[in-house]
file model_10.pdb (PDB, C-alpha atoms)
ATOM      1  CA  MET I  82     103.798  80.028  82.133  1.00  0.00           C
ATOM      2  CA  PHE I  83     101.989  77.884  84.681  1.00  0.00           C
ATOM      3  CA  ASN I  84      98.669  76.780  83.171  1.00  0.00           C
ATOM      4  CA  TRP I  85      96.612  76.056  86.282  1.00  0.00           C
ATOM      5  CA  THR I  86      93.657  74.822  84.185  1.00  0.00           C
ATOM      6  CA  GLN I  87      95.618  71.633  83.496  1.00  0.00           C
ATOM      7  CA  TYR I  88      95.276  70.745  87.176  1.00  0.00           C
ATOM      8  CA  SER I  89      91.837  71.991  88.130  1.00  0.00           C
ATOM      9  CA  LEU I  90      88.939  74.122  86.963  1.00  0.00           C
ATOM     10  CA  ASP I  91      89.033  75.730  90.399  1.00  0.00           C
ATOM     11  CA  PRO I  92      91.891  78.290  90.770  1.00  0.00           C
ATOM     12  CA  ASN I  93      91.552  78.042  94.571  1.00  0.00           C
ATOM     13  CA  GLN I  94      92.094  74.285  94.689  1.00  0.00           C
ATOM     14  CA  GLY I  95      94.933  73.300  97.042  1.00  0.00           C
ATOM     15  CA  TYR I  96      96.695  70.916  94.671  1.00  0.00           C
ATOM     16  CA  THR I  97      96.844  73.673  92.059  1.00  0.00           C
ATOM     17  CA  HIS I  98      98.583  75.928  94.579  1.00  0.00           C
ATOM     18  CA  GLN I  99     101.153  73.233  95.328  1.00  0.00           C
ATOM     19  CA  GLU I 100     101.951  72.840  91.642  1.00  0.00           C
ATOM     20  CA  TRP I 101     102.164  76.613  91.259  1.00  0.00           C
ATOM     21  CA  LYS I 102     104.721  76.780  94.079  1.00  0.00           C
ATOM     22  CA  LYS I 103     106.874  74.160  92.339  1.00  0.00           C
ATOM     23  CA  PHE I 104     106.732  76.149  89.113  1.00  0.00           C
ATOM     24  CA  TYR I 105     107.513  79.485  90.740  1.00  0.00           C
ATOM     25  CA  ASP I 106     110.367  78.087  92.824  1.00  0.00           C
ATOM     26  CA  ASN I 107     111.868  76.691  89.620  1.00  0.00           C
ATOM     27  CA  ILE I 108     111.855  80.018  87.767  1.00  0.00           C
ATOM     28  CA  SER I 109     112.926  82.165  90.755  1.00  0.00           C
ATOM     29  CA  LYS I 110     116.574  83.189  90.771  1.00  0.00           C
ATOM     30  CA  PHE I 111     118.854  85.084  93.156  1.00  0.00           C
ATOM     31  CA  VAL I 112     121.304  87.393  91.365  1.00  0.00           C
ATOM     32  CA  PHE I 113     124.348  88.759  93.200  1.00  0.00           C
ATOM     33  CA  GLN I 114     124.065  92.257  91.731  1.00  0.00           C
ATOM     34  CA  TYR I 115     122.465  95.528  92.618  1.00  0.00           C
ATOM     35  CA  ARG I 116     119.066  95.886  91.002  1.00  0.00           C
ATOM     36  CA  ASN I 117     120.050  98.505  88.422  1.00  0.00           C
ATOM     37  CA  ASP I 118     123.342  96.778  87.630  1.00  0.00           C
ATOM     38  CA  PHE I 119     121.392  93.666  86.757  1.00  0.00           C
ATOM     39  CA  LEU I 120     118.882  95.634  84.662  1.00  0.00           C
ATOM     40  CA  TYR I 121     121.576  97.475  82.691  1.00  0.00           C
ATOM     41  CA  SER I 122     123.590  94.317  82.017  1.00  0.00           C
ATOM     42  CA  TYR I 123     120.511  92.338  80.976  1.00  0.00           C
ATOM     43  CA  ILE I 124     118.883  94.999  78.787  1.00  0.00           C
ATOM     44  CA  SER I 125     122.074  96.149  77.037  1.00  0.00           C
ATOM     45  CA  GLN I 126     122.730  92.714  75.543  1.00  0.00           C
ATOM     46  CA  PHE I 127     119.811  93.284  73.122  1.00  0.00           C
ATOM     47  CA  GLU I 128     119.905  95.344  69.926  1.00  0.00           C
ATOM     48  CA  ASN I 129     116.507  97.070  69.725  1.00  0.00           C
ATOM     49  CA  ILE I 130     115.367  98.344  73.119  1.00  0.00           C
ATOM     50  CA  LEU I 131     112.166 100.107  74.200  1.00  0.00           C
ATOM     51  CA  ASP I 132     112.031 101.780  77.625  1.00  0.00           C
ATOM     52  CA  ILE I 133     108.407 102.470  78.623  1.00  0.00           C
ATOM     53  CA  GLY I 134     107.775 105.233  81.173  1.00  0.00           C
ATOM     54  CA  PHE I 135     111.272 106.635  80.772  1.00  0.00           C
ATOM     55  CA  VAL I 136     110.678 110.182  82.097  1.00  0.00           C
ATOM     56  CA  GLU I 137     109.831 108.927  85.620  1.00  0.00           C
ATOM     57  CA  HIS I 138     107.142 111.415  86.742  1.00  0.00           C
ATOM     58  CA  THR I 139     108.859 114.830  86.830  1.00  0.00           C
ATOM     59  CA  LEU I 140     111.756 116.947  85.564  1.00  0.00           C
ATOM     60  CA  ASP I 141     113.555 116.359  88.867  1.00  0.00           C
ATOM     61  CA  TYR I 142     114.185 112.710  87.953  1.00  0.00           C
ATOM     62  CA  ILE I 143     115.515 113.582  84.501  1.00  0.00           C
ATOM     63  CA  ASN I 144     118.058 116.009  85.937  1.00  0.00           C
ATOM     64  CA  LYS I 145     119.560 113.454  88.316  1.00  0.00           C
ATOM     65  CA  ASP I 146     122.737 111.517  87.518  1.00  0.00           C
ATOM     66  CA  THR I 147     120.823 108.400  88.533  1.00  0.00           C
ATOM     67  CA  TRP I 148     118.143 108.842  85.842  1.00  0.00           C
ATOM     68  CA  PHE I 149     117.653 105.301  84.541  1.00  0.00           C
ATOM     69  CA  HIS I 150     117.075 106.078  80.851  1.00  0.00           C
ATOM     70  CA  GLY I 151     120.076 108.377  80.656  1.00  0.00           C
ATOM     71  CA  LYS I 152     122.371 105.731  82.116  1.00  0.00           C
ATOM     72  CA  LEU I 153     120.776 103.036  79.932  1.00  0.00           C
ATOM     73  CA  ARG I 154     121.718 105.052  76.833  1.00  0.00           C
ATOM     74  CA  LYS I 155     125.357 104.984  77.985  1.00  0.00           C
ATOM     75  CA  LYS I 156     125.360 101.322  79.007  1.00  0.00           C
ATOM     76  CA  ALA I 157     123.739 100.298  75.722  1.00  0.00           C
ATOM     77  CA  ALA I 158     125.927 102.505  73.525  1.00  0.00           C
ATOM     78  CA  GLY I 159     125.770 101.333  69.916  1.00  0.00           C
ATOM     79  CA  LYS I 160     122.343  99.759  70.410  1.00  0.00           C
ATOM     80  CA  GLU I 161     119.043 101.223  69.212  1.00  0.00           C
ATOM     81  CA  VAL I 162     117.340 102.619  72.314  1.00  0.00           C
ATOM     82  CA  TRP I 163     113.819 104.032  72.228  1.00  0.00           C
ATOM     83  CA  GLY I 164     111.825 105.738  74.954  1.00  0.00           C
ATOM     84  CA  LEU I 165     108.051 105.991  75.275  1.00  0.00           C
ATOM     85  CA  ASP I 166     106.058 108.025  77.774  1.00  0.00           C
ATOM     86  CA  LEU I 167     102.638 109.637  78.133  1.00  0.00           C
ATOM     87  CA  ASN I 168     104.072 112.939  79.333  1.00  0.00           C
ATOM     88  CA  SER I 169     104.507 114.793  76.033  1.00  0.00           C
ATOM     89  CA  GLU I 170     105.938 117.913  77.704  1.00  0.00           C
ATOM     90  CA  LEU I 171     108.764 116.018  79.384  1.00  0.00           C
ATOM     91  CA  VAL I 172     109.401 113.934  76.283  1.00  0.00           C
ATOM     92  CA  GLU I 173     110.049 117.148  74.362  1.00  0.00           C
ATOM     93  CA  GLU I 174     112.197 118.426  77.238  1.00  0.00           C
ATOM     94  CA  CYS I 175     114.380 115.310  76.967  1.00  0.00           C
ATOM     95  CA  LYS I 176     114.776 115.740  73.224  1.00  0.00           C
ATOM     96  CA  VAL I 177     115.928 119.344  73.668  1.00  0.00           C
ATOM     97  CA  LYS I 178     118.075 118.822  76.768  1.00  0.00           C
ATOM     98  CA  PHE I 179     119.896 115.636  75.739  1.00  0.00           C
ATOM     99  CA  GLY I 180     119.463 115.452  71.976  1.00  0.00           C
ATOM    100  CA  PHE I 181     118.227 111.870  72.240  1.00  0.00           C
ATOM    101  CA  ASP I 182     116.462 110.453  69.213  1.00  0.00           C
ATOM    102  CA  ASN I 183     113.669 107.845  69.197  1.00  0.00           C
ATOM    103  CA  LEU I 184     111.718 109.432  72.054  1.00  0.00           C
ATOM    104  CA  ILE I 185     107.969 109.048  71.574  1.00  0.00           C
ATOM    105  CA  ALA I 186     105.035 110.616  73.434  1.00  0.00           C
ATOM    106  CA  ALA I 187     102.408 107.886  73.261  1.00  0.00           C
ATOM    107  CA  ASP I 188     100.230 105.540  75.281  1.00  0.00           C
ATOM    108  CA  ALA I 189     101.549 102.016  75.916  1.00  0.00           C
ATOM    109  CA  CYS I 190      97.949 100.841  75.830  1.00  0.00           C
ATOM    110  CA  GLY I 191      97.464 101.959  72.233  1.00  0.00           C
ATOM    111  CA  LYS I 192      98.704 100.788  68.862  1.00  0.00           C
ATOM    112  CA  PRO I 193     102.354  99.628  68.761  1.00  0.00           C
ATOM    113  CA  ILE I 194     104.698 102.365  67.545  1.00  0.00           C
ATOM    114  CA  LYS I 195     106.634  99.688  65.614  1.00  0.00           C
ATOM    115  CA  GLU I 196     105.170  96.220  65.115  1.00  0.00           C
ATOM    116  CA  ASN I 197     107.241  93.078  65.775  1.00  0.00           C
ATOM    117  CA  TYR I 198     110.347  95.243  66.070  1.00  0.00           C
ATOM    118  CA  PHE I 199     111.870  95.286  69.545  1.00  0.00           C
ATOM    119  CA  ASP I 200     114.109  92.617  71.052  1.00  0.00           C
ATOM    120  CA  ILE I 201     113.260  93.775  74.569  1.00  0.00           C
ATOM    121  CA  ILE I 202     110.809  96.104  76.272  1.00  0.00           C
ATOM    122  CA  TYR I 203     111.577  97.382  79.753  1.00  0.00           C
ATOM    123  CA  ALA I 204     108.688  98.659  81.875  1.00  0.00           C
ATOM    124  CA  GLY I 205     110.210  99.846  85.147  1.00  0.00           C
ATOM    125  CA  HIS I 206     107.581 100.613  87.786  1.00  0.00           C
ATOM    126  CA  VAL I 207     104.992 101.224  85.081  1.00  0.00           C
ATOM    127  CA  ILE I 208     102.535  98.353  85.202  1.00  0.00           C
ATOM    128  CA  GLU I 209     101.145  99.331  88.610  1.00  0.00           C
ATOM    129  CA  HIS I 210      99.990 102.613  87.006  1.00  0.00           C
ATOM    130  CA  VAL I 211      98.188 100.975  84.063  1.00  0.00           C
ATOM    131  CA  SER I 212      94.387 101.034  84.073  1.00  0.00           C
ATOM    132  CA  ASP I 213      93.895  98.364  81.386  1.00  0.00           C
ATOM    133  CA  LEU I 214      96.476  95.604  81.716  1.00  0.00           C
ATOM    134  CA  GLY I 215      95.039  93.724  78.749  1.00  0.00           C
ATOM    135  CA  LEU I 216      95.709  96.630  76.393  1.00  0.00           C
ATOM    136  CA  PHE I 217      99.195  97.060  77.845  1.00  0.00           C
ATOM    137  CA  PHE I 218     100.076  93.418  77.233  1.00  0.00           C
ATOM    138  CA  LYS I 219      98.645  93.571  73.715  1.00  0.00           C
ATOM    139  CA  PHE I 220     100.793  96.641  73.012  1.00  0.00           C
ATOM    140  CA  CYS I 221     103.925  94.870  74.257  1.00  0.00           C
ATOM    141  CA  HIS I 222     103.115  91.657  72.419  1.00  0.00           C
ATOM    142  CA  GLY I 223     102.560  93.521  69.158  1.00  0.00           C
ATOM    143  CA  SER I 224     105.750  95.563  69.587  1.00  0.00           C
ATOM    144  CA  LEU I 225     108.099  92.654  70.295  1.00  0.00           C
ATOM    145  CA  LYS I 226     109.716  90.347  67.808  1.00  0.00           C
ATOM    146  CA  PRO I 227     108.790  86.650  68.167  1.00  0.00           C
ATOM    147  CA  GLY I 228     110.698  85.448  71.202  1.00  0.00           C
ATOM    148  CA  GLY I 229     111.275  89.029  72.374  1.00  0.00           C
ATOM    149  CA  LYS I 230     111.528  89.797  76.086  1.00  0.00           C
ATOM    150  CA  LEU I 231     109.301  91.897  78.322  1.00  0.00           C
ATOM    151  CA  LEU I 232     111.188  92.925  81.471  1.00  0.00           C
ATOM    152  CA  ILE I 233     108.972  94.277  84.248  1.00  0.00           C
ATOM    153  CA  SER I 234     109.825  95.662  87.673  1.00  0.00           C
ATOM    154  CA  THR I 235     107.020  96.464  90.113  1.00  0.00           C
ATOM    155  CA  PRO I 236     106.574  96.945  93.878  1.00  0.00           C
ATOM    156  CA  ASN I 237     106.063  93.945  96.151  1.00  0.00           C
ATOM    157  CA  PRO I 238     103.253  94.754  98.615  1.00  0.00           C
ATOM    158  CA  PHE I 239     104.433  91.954 100.933  1.00  0.00           C
ATOM    159  CA  GLY I 240     108.068  93.107 101.114  1.00  0.00           C
ATOM    160  CA  LYS I 241     110.107  94.037 104.174  1.00  0.00           C
ATOM    161  CA  SER I 242     109.848  97.818 103.854  1.00  0.00           C
ATOM    162  CA  PHE I 243     106.102  97.653 103.332  1.00  0.00           C
ATOM    163  CA  ASN I 244     105.684  95.504 106.431  1.00  0.00           C
ATOM    164  CA  GLN I 245     107.873  97.857 108.493  1.00  0.00           C
ATOM    165  CA  TRP I 246     105.792 100.802 107.314  1.00  0.00           C
ATOM    166  CA  ARG I 247     102.567  99.043 108.243  1.00  0.00           C
ATOM    167  CA  THR I 248     103.916  98.208 111.707  1.00  0.00           C
ATOM    168  CA  LYS I 249     105.257 101.703 112.389  1.00  0.00           C
ATOM    169  CA  TYR I 250     102.505 103.869 110.919  1.00  0.00           C
ATOM    170  CA  LYS I 251      99.532 101.477 110.926  1.00  0.00           C
ATOM    171  CA  LEU I 252      99.102 102.334 107.266  1.00  0.00           C
ATOM    172  CA  VAL I 253      99.673 100.526 103.995  1.00  0.00           C
ATOM    173  CA  PRO I 254     102.209 102.634 102.027  1.00  0.00           C
ATOM    174  CA  VAL I 255     100.769 103.874  98.771  1.00  0.00           C
ATOM    175  CA  ASN I 256     101.659 105.803  95.675  1.00  0.00           C
ATOM    176  CA  MET I 257      98.481 107.703  94.880  1.00  0.00           C
ATOM    177  CA  GLU I 258      98.935 106.937  91.176  1.00  0.00           C
ATOM    178  CA  HIS I 259      99.016 103.146  91.578  1.00  0.00           C
ATOM    179  CA  VAL I 260      96.011 101.063  90.537  1.00  0.00           C
ATOM    180  CA  ASN I 261      97.465  97.517  90.679  1.00  0.00           C
ATOM    181  CA  TRP I 262      99.584  95.180  92.783  1.00  0.00           C
ATOM    182  CA  ILE I 263     101.201  92.722  90.348  1.00  0.00           C
ATOM    183  CA  THR I 264     102.217  89.638  92.336  1.00  0.00           C
ATOM    184  CA  PRO I 265     103.834  86.549  90.737  1.00  0.00           C
ATOM    185  CA  SER I 266     100.538  84.693  90.325  1.00  0.00           C
ATOM    186  CA  CYS I 267      99.022  87.831  88.739  1.00  0.00           C
ATOM    187  CA  ILE I 268     101.823  88.134  86.188  1.00  0.00           C
ATOM    188  CA  ASN I 269     101.534  84.441  85.435  1.00  0.00           C
ATOM    189  CA  GLU I 270      97.823  84.762  84.685  1.00  0.00           C
ATOM    190  CA  LEU I 271      98.479  87.764  82.432  1.00  0.00           C
ATOM    191  CA  CYS I 272     101.058  85.656  80.572  1.00  0.00           C
ATOM    192  CA  ARG I 273      98.500  82.865  80.165  1.00  0.00           C
ATOM    193  CA  ARG I 274      95.889  85.244  78.752  1.00  0.00           C
ATOM    194  CA  TYR I 275      98.137  87.270  76.445  1.00  0.00           C
ATOM    195  CA  ASP I 276     100.592  84.713  74.993  1.00  0.00           C
ATOM    196  CA  PHE I 277     103.750  85.226  77.006  1.00  0.00           C
ATOM    197  CA  GLU I 278     106.009  82.717  78.720  1.00  0.00           C
ATOM    198  CA  PHE I 279     106.857  83.507  82.353  1.00  0.00           C
ATOM    199  CA  GLU I 280     110.577  82.763  82.152  1.00  0.00           C
ATOM    200  CA  LYS I 281     112.185  84.137  85.313  1.00  0.00           C
ATOM    201  CA  SER I 282     111.512  86.011  88.508  1.00  0.00           C
ATOM    202  CA  ILE I 283     114.729  87.758  89.540  1.00  0.00           C
ATOM    203  CA  TYR I 284     115.729  88.646  93.101  1.00  0.00           C
ATOM    204  CA  PRO I 285     118.832  90.887  93.004  1.00  0.00           C
ATOM    205  CA  LYS I 286     121.004  90.540  96.095  1.00  0.00           C
ATOM    206  CA  PRO I 287     123.327  93.545  96.607  1.00  0.00           C
ATOM    207  CA  LEU I 288     126.466  92.478  98.474  1.00  0.00           C
ATOM    208  CA  GLY I 289     128.597  95.601  98.190  1.00  0.00           C
ATOM    209  CA  SER I 290     132.341  95.528  97.651  1.00  0.00           C
ATOM    210  CA  LYS I 291     133.397  95.235 101.306  1.00  0.00           C
ATOM    211  CA  PHE I 292     133.531  91.661 102.633  1.00  0.00           C
ATOM    212  CA  ARG I 293     131.869  90.419  99.426  1.00  0.00           C
ATOM    213  CA  SER I 294     133.186  86.857  99.791  1.00  0.00           C
ATOM    214  CA  LEU I 295     132.108  86.618 103.430  1.00  0.00           C
ATOM    215  CA  ARG I 296     128.683  88.024 102.681  1.00  0.00           C
ATOM    216  CA  LYS I 297     128.222  85.614  99.813  1.00  0.00           C
ATOM    217  CA  LEU I 298     129.211  82.698 102.070  1.00  0.00           C
ATOM    218  CA  LEU I 299     126.794  83.773 104.813  1.00  0.00           C
ATOM    219  CA  PHE I 300     124.042  84.273 102.287  1.00  0.00           C
ATOM    220  CA  SER I 301     124.626  80.828 100.805  1.00  0.00           C
ATOM    221  CA  LEU I 302     124.332  79.256 104.289  1.00  0.00           C
ATOM    222  CA  TRP I 303     120.942  80.909 104.722  1.00  0.00           C
ATOM    223  CA  LYS I 304     119.943  80.498 101.086  1.00  0.00           C
ATOM    224  CA  ASP I 305     117.258  77.846 101.563  1.00  0.00           C
ATOM    225  CA  TYR I 306     115.557  79.847 104.291  1.00  0.00           C
ATOM    226  CA  ARG I 307     115.799  83.136 102.403  1.00  0.00           C
ATOM    227  CA  PHE I 308     114.585  81.461  99.225  1.00  0.00           C
ATOM    228  CA  GLN I 309     111.432  80.164 100.871  1.00  0.00           C
ATOM    229  CA  THR I 310     110.737  83.539 102.512  1.00  0.00           C
ATOM    230  CA  ARG I 311     112.009  85.737  99.665  1.00  0.00           C
ATOM    231  CA  ASP I 312     108.701  87.505  99.080  1.00  0.00           C
ATOM    232  CA  LEU I 313     108.773  88.812 102.668  1.00  0.00           C
ATOM    233  CA  TYR I 314     112.161  90.510 102.155  1.00  0.00           C
ATOM    234  CA  TYR I 315     112.346  91.954  98.653  1.00  0.00           C
ATOM    235  CA  ASP I 316     110.547  95.245  98.072  1.00  0.00           C
ATOM    236  CA  GLU I 317     109.991  94.720  94.376  1.00  0.00           C
ATOM    237  CA  TYR I 318     109.558  92.017  91.786  1.00  0.00           C
ATOM    238  CA  THR I 319     111.558  91.740  88.565  1.00  0.00           C
ATOM    239  CA  TYR I 320     109.881  89.558  85.957  1.00  0.00           C
ATOM    240  CA  ILE I 321     111.281  88.317  82.644  1.00  0.00           C
ATOM    241  CA  LEU I 322     108.608  87.308  80.119  1.00  0.00           C
ATOM    242  CA  LYS I 323     108.999  86.017  76.565  1.00  0.00           C
ATOM    243  CA  LYS I 324     106.628  86.605  73.664  1.00  0.00           C
ATOM    244  CA  LEU I 325     105.181  83.361  72.328  1.00  0.00           C
TER     245      LEU I 325
END

call {"tool": "encode", "arguments": {"input": "model_10.pdb", "output": "structure tokens"}}
result
Amino acid sequence: MFNWTQYSLDPNQGYTHQEWKKFYDNISKFVFQYRNDFLYSYISQFENILDIGFVEHTLDYINKDTWFHGKLRKKAAGKEVWGLDLNSELVEECKVKFGFDNLIAADACGKPIKENYFDIIYAGHVIEHVSDLGLFFKFCHGSLKPGGKLLISTPNPFGKSFNQWRTKYKLVPVNMEHVNWITPSCINELCRRYDFEFEKSIYPKPLGSKFRSLRKLLFSLWKDYRFQTRDLYYDEYTYILKKL
């Protein structure tokens, strides 16, 4: 992670911000895949997988073909996939409906369900709901093997759709359950405090199948500009952290 205290005792000092930009530019990466395609391909390479917040709010999500955890189970066939969620009623519903094992109703801010066990934890649009981020990071740190990965996706409050919403409706779009905006500098500071390395910030770039080569060429011509303004376009962040 970027340890700003090596540059200044003042986190608002300009030189510190310049060094932070260099660090973040270096770990930022465009990926020519749809968001979920990237997530499935990245997560499924690991053996022991924990998906936090897998029920996704309501029964409606579970019954959709696009339900992330259901598709993850298929993509990671042969791997050990666990799911954890606070909603005990829907956890039981998933057990009955799909026959999935390793589904746990528990709080990801409590004691790890298995210590030093998982190769990767995925928290998809979870962290913005968490009241105590310190407890959440301690849970993840205690649950991961040394060198294990914590993969986080979370909304970007500066992204294109958010800005369009603000312009059109004169209102900041909100999910009434959210309590945090987790920007890159925020995730970096959480890494510094709770013994994680901030390895990558991923920006998936969906190109579609039609005119893929042309789109990739056009994107590459604009790459420098899009790279420098990436946080004004992408509607969510995808962070890869490593347990130290």

call {"tool": "closest_residue", "arguments": {"input": "model_10.pdb", "among": "I:Glu196, I:Glu280, I:Gly151, I:Phe220", "to": "Lys176 of chain I", "atoms": "all atoms listed in the file"}}
result
I:Gly151

call {"tool": "closest_residue", "arguments": {"input": "model_10.pdb", "among": "I:Tyr115, I:Trp85, I:Phe279, I:Trp163", "to": "Asp200 of chain I", "atoms": "all atoms listed in the file"}}
result
I:Trp163

call {"tool": "resolve_selection", "arguments": {"input": "model_10.pdb", "expression": "the PyMOL selection byres ((chain I and resi 191) around 10)", "output": "short mmCIF file (atom, residue, chain, number, x, y, z; two decimals) with C-alpha atoms, keeping the file's coordinate frame"}}
result
data_model
loop_
_atom_site.label_atom_id
_atom_site.label_comp_id
_atom_site.auth_asym_id
_atom_site.auth_seq_id
_atom_site.Cartn_x
_atom_site.Cartn_y
_atom_site.Cartn_z
CA ALA I 187 102.41 107.89 73.26
CA ASP I 188 100.23 105.54 75.28
CA ALA I 189 101.55 102.02 75.92
CA CYS I 190 97.95 100.84 75.83
CA LYS I 192 98.70 100.79 68.86
CA PRO I 193 102.35 99.63 68.76
CA ILE I 194 104.70 102.36 67.54
CA LEU I 216 95.71 96.63 76.39
CA PHE I 217 99.20 97.06 77.84
CA LYS I 219 98.64 93.57 73.72
CA PHE I 220 100.79 96.64 73.01
CA CYS I 221 103.92 94.87 74.26
#

call {"tool": "resolve_selection", "arguments": {"input": "model_10.pdb", "expression": "the PyMOL selection byres ((chain I and resi 222-238) around 8)", "output": "PyMOL selection string"}}
result
chain I and resi 193-209+218-221+239-240+243+262-264+275-277+312+315-325

call {"tool": "atom_distance", "arguments": {"input": "model_10.pdb", "atom1": "atom CA of Val136 of chain I", "atom2": "atom CA of Cys272 of chain I"}}
result
26.4 Å

call {"tool": "resolve_selection", "arguments": {"input": "model_10.pdb", "expression": "the PyMOL selection byres ((chain I and resi 113) around 6)", "output": "VMD selection string"}}
result
chain I and resid 112 114 285 to 287

call {"tool": "closest_residue", "arguments": {"input": "model_10.pdb", "among": "I:Leu90, I:Phe83, I:Val177, I:Glu170", "to": "Cys267 of chain I", "atoms": "only C-alpha atoms"}}
result
I:Phe83

call {"tool": "atom_distance", "arguments": {"input": "model_10.pdb", "atom1": "atom CA of Lys178 of chain I", "atom2": "atom CA of Lys145 of chain I"}}
result
12.8 Å

call {"tool": "closest_residue", "arguments": {"input": "model_10.pdb", "among": "I:Ile185, I:Leu171, I:Ile124, I:Leu131", "to": "Lys156 of chain I", "atoms": "only C-alpha atoms"}}
result
I:Ile124

call {"tool": "atom_distance", "arguments": {"input": "model_10.pdb", "atom1": "atom CA of Lys281 of chain I", "atom2": "atom CA of Tyr123 of chain I"}}
result
12.5 Å

call {"tool": "closest_residue", "arguments": {"input": "model_10.pdb", "among": "I:Asn93, I:Tyr284, I:Leu184, I:Arg311", "to": "Lys241 of chain I", "atoms": "all atoms listed in the file"}}
result
I:Arg311

call {"tool": "axis_aligned_box", "arguments": {"input": "model_10.pdb", "around": "segment 102-116 of chain I", "padding_each_side": "8 Å", "output": "lines of an AutoDock Vina configuration file"}}
result
center_x = 114.5
center_y = 85.0
center_z = 90.9
size_x = 35.6
size_y = 37.7
size_z = 22.3

call {"tool": "residues_around", "arguments": {"input": "model_10.pdb", "residues": "segment 104-107 of chain I", "least_positions_apart": "2", "cutoff": "10 Å", "atoms": "only C-alpha atoms", "output": "list in words"}}
result
Met82, Phe83, His98, Gln99, Glu100, Trp101, Lys102, Ser109, Lys110, Pro265, Ser266, Asn269, Phe279, Glu280, Lys281, Ser282, Phe308 and Gln309 of chain I

call {"tool": "write_last_selection", "arguments": {"input": "model_10.pdb", "atoms": "C-alpha atoms", "output": "PDB file, in the frame of the given file"}}
result
ATOM      1  CA  MET I  82     103.798  80.028  82.133  1.00  0.00           C
ATOM      2  CA  PHE I  83     101.989  77.884  84.681  1.00  0.00           C
ATOM      3  CA  HIS I  98      98.583  75.928  94.579  1.00  0.00           C
ATOM      4  CA  GLN I  99     101.153  73.233  95.328  1.00  0.00           C
ATOM      5  CA  GLU I 100     101.951  72.840  91.642  1.00  0.00           C
ATOM      6  CA  TRP I 101     102.164  76.613  91.259  1.00  0.00           C
ATOM      7  CA  LYS I 102     104.721  76.780  94.079  1.00  0.00           C
ATOM      8  CA  SER I 109     112.926  82.165  90.755  1.00  0.00           C
ATOM      9  CA  LYS I 110     116.574  83.189  90.771  1.00  0.00           C
ATOM     10  CA  PRO I 265     103.834  86.549  90.737  1.00  0.00           C
ATOM     11  CA  SER I 266     100.538  84.693  90.325  1.00  0.00           C
ATOM     12  CA  ASN I 269     101.534  84.441  85.435  1.00  0.00           C
ATOM     13  CA  PHE I 279     106.857  83.507  82.353  1.00  0.00           C
ATOM     14  CA  GLU I 280     110.577  82.763  82.152  1.00  0.00           C
ATOM     15  CA  LYS I 281     112.185  84.137  85.313  1.00  0.00           C
ATOM     16  CA  SER I 282     111.512  86.011  88.508  1.00  0.00           C
ATOM     17  CA  PHE I 308     114.585  81.461  99.225  1.00  0.00           C
ATOM     18  CA  GLN I 309     111.432  80.164 100.871  1.00  0.00           C
TER      19      GLN I 309
END

call {"tool": "residues_around", "arguments": {"input": "model_10.pdb", "residues": "Asn117 of chain I", "least_positions_apart": "4", "cutoff": "9 Å", "atoms": "all atoms listed in the file", "output": "ChimeraX atom specification"}}
result
/I:121-122,149,285

call {"tool": "residues_around", "arguments": {"input": "model_10.pdb", "residues": "segment 256-258 of chain I", "least_positions_apart": "2", "cutoff": "10 Å", "atoms": "only C-alpha atoms", "output": "list in words"}}
result
Glu209, His210, Val211, Pro254, Val260 and Asn261 of chain I

call {"tool": "decode", "arguments": {"input": "model_10.pdb", "residues": "segment 94-104 of chain I", "atoms": "N, CA and C atoms", "output": "tab-separated table (two decimals), in the first residue's frame"}}
result
chain	number	residue	atom	x	y	z
I	94	GLN	N	-0.72	17.33	2.61
I	94	GLN	CA	0.43	17.98	2.00
I	94	GLN	C	0.51	17.65	0.51
I	95	GLY	N	0.75	18.66	-0.32
I	95	GLY	CA	0.71	18.51	-1.77
I	95	GLY	C	1.66	17.46	-2.31
I	96	TYR	N	2.87	17.41	-1.79
I	96	TYR	CA	3.85	16.45	-2.29
I	96	TYR	C	3.38	15.02	-2.04
I	97	THR	N	2.72	14.81	-0.90
I	97	THR	CA	2.17	13.50	-0.59
I	97	THR	C	1.13	13.09	-1.62
I	98	HIS	N	0.30	14.04	-2.04
I	98	HIS	CA	-0.71	13.75	-3.06
I	98	HIS	C	-0.07	13.38	-4.40
I	99	GLN	N	1.01	14.05	-4.74
I	99	GLN	CA	1.71	13.73	-5.99
I	99	GLN	C	2.26	12.31	-5.96
I	100	GLU	N	2.84	11.93	-4.83
I	100	GLU	CA	3.38	10.58	-4.71
I	100	GLU	C	2.27	9.54	-4.70
I	101	TRP	N	1.14	9.89	-4.10
I	101	TRP	CA	-0.01	8.98	-4.11
I	101	TRP	C	-0.49	8.75	-5.54
I	102	LYS	N	-0.56	9.81	-6.35
I	102	LYS	CA	-0.99	9.66	-7.73
I	102	LYS	C	-0.08	8.71	-8.50
I	103	LYS	N	1.23	8.84	-8.29
I	103	LYS	CA	2.18	7.94	-8.96
I	103	LYS	C	1.90	6.49	-8.57
I	104	PHE	N	1.68	6.28	-7.28
I	104	PHE	CA	1.41	4.92	-6.79
I	104	PHE	C	0.13	4.38	-7.40
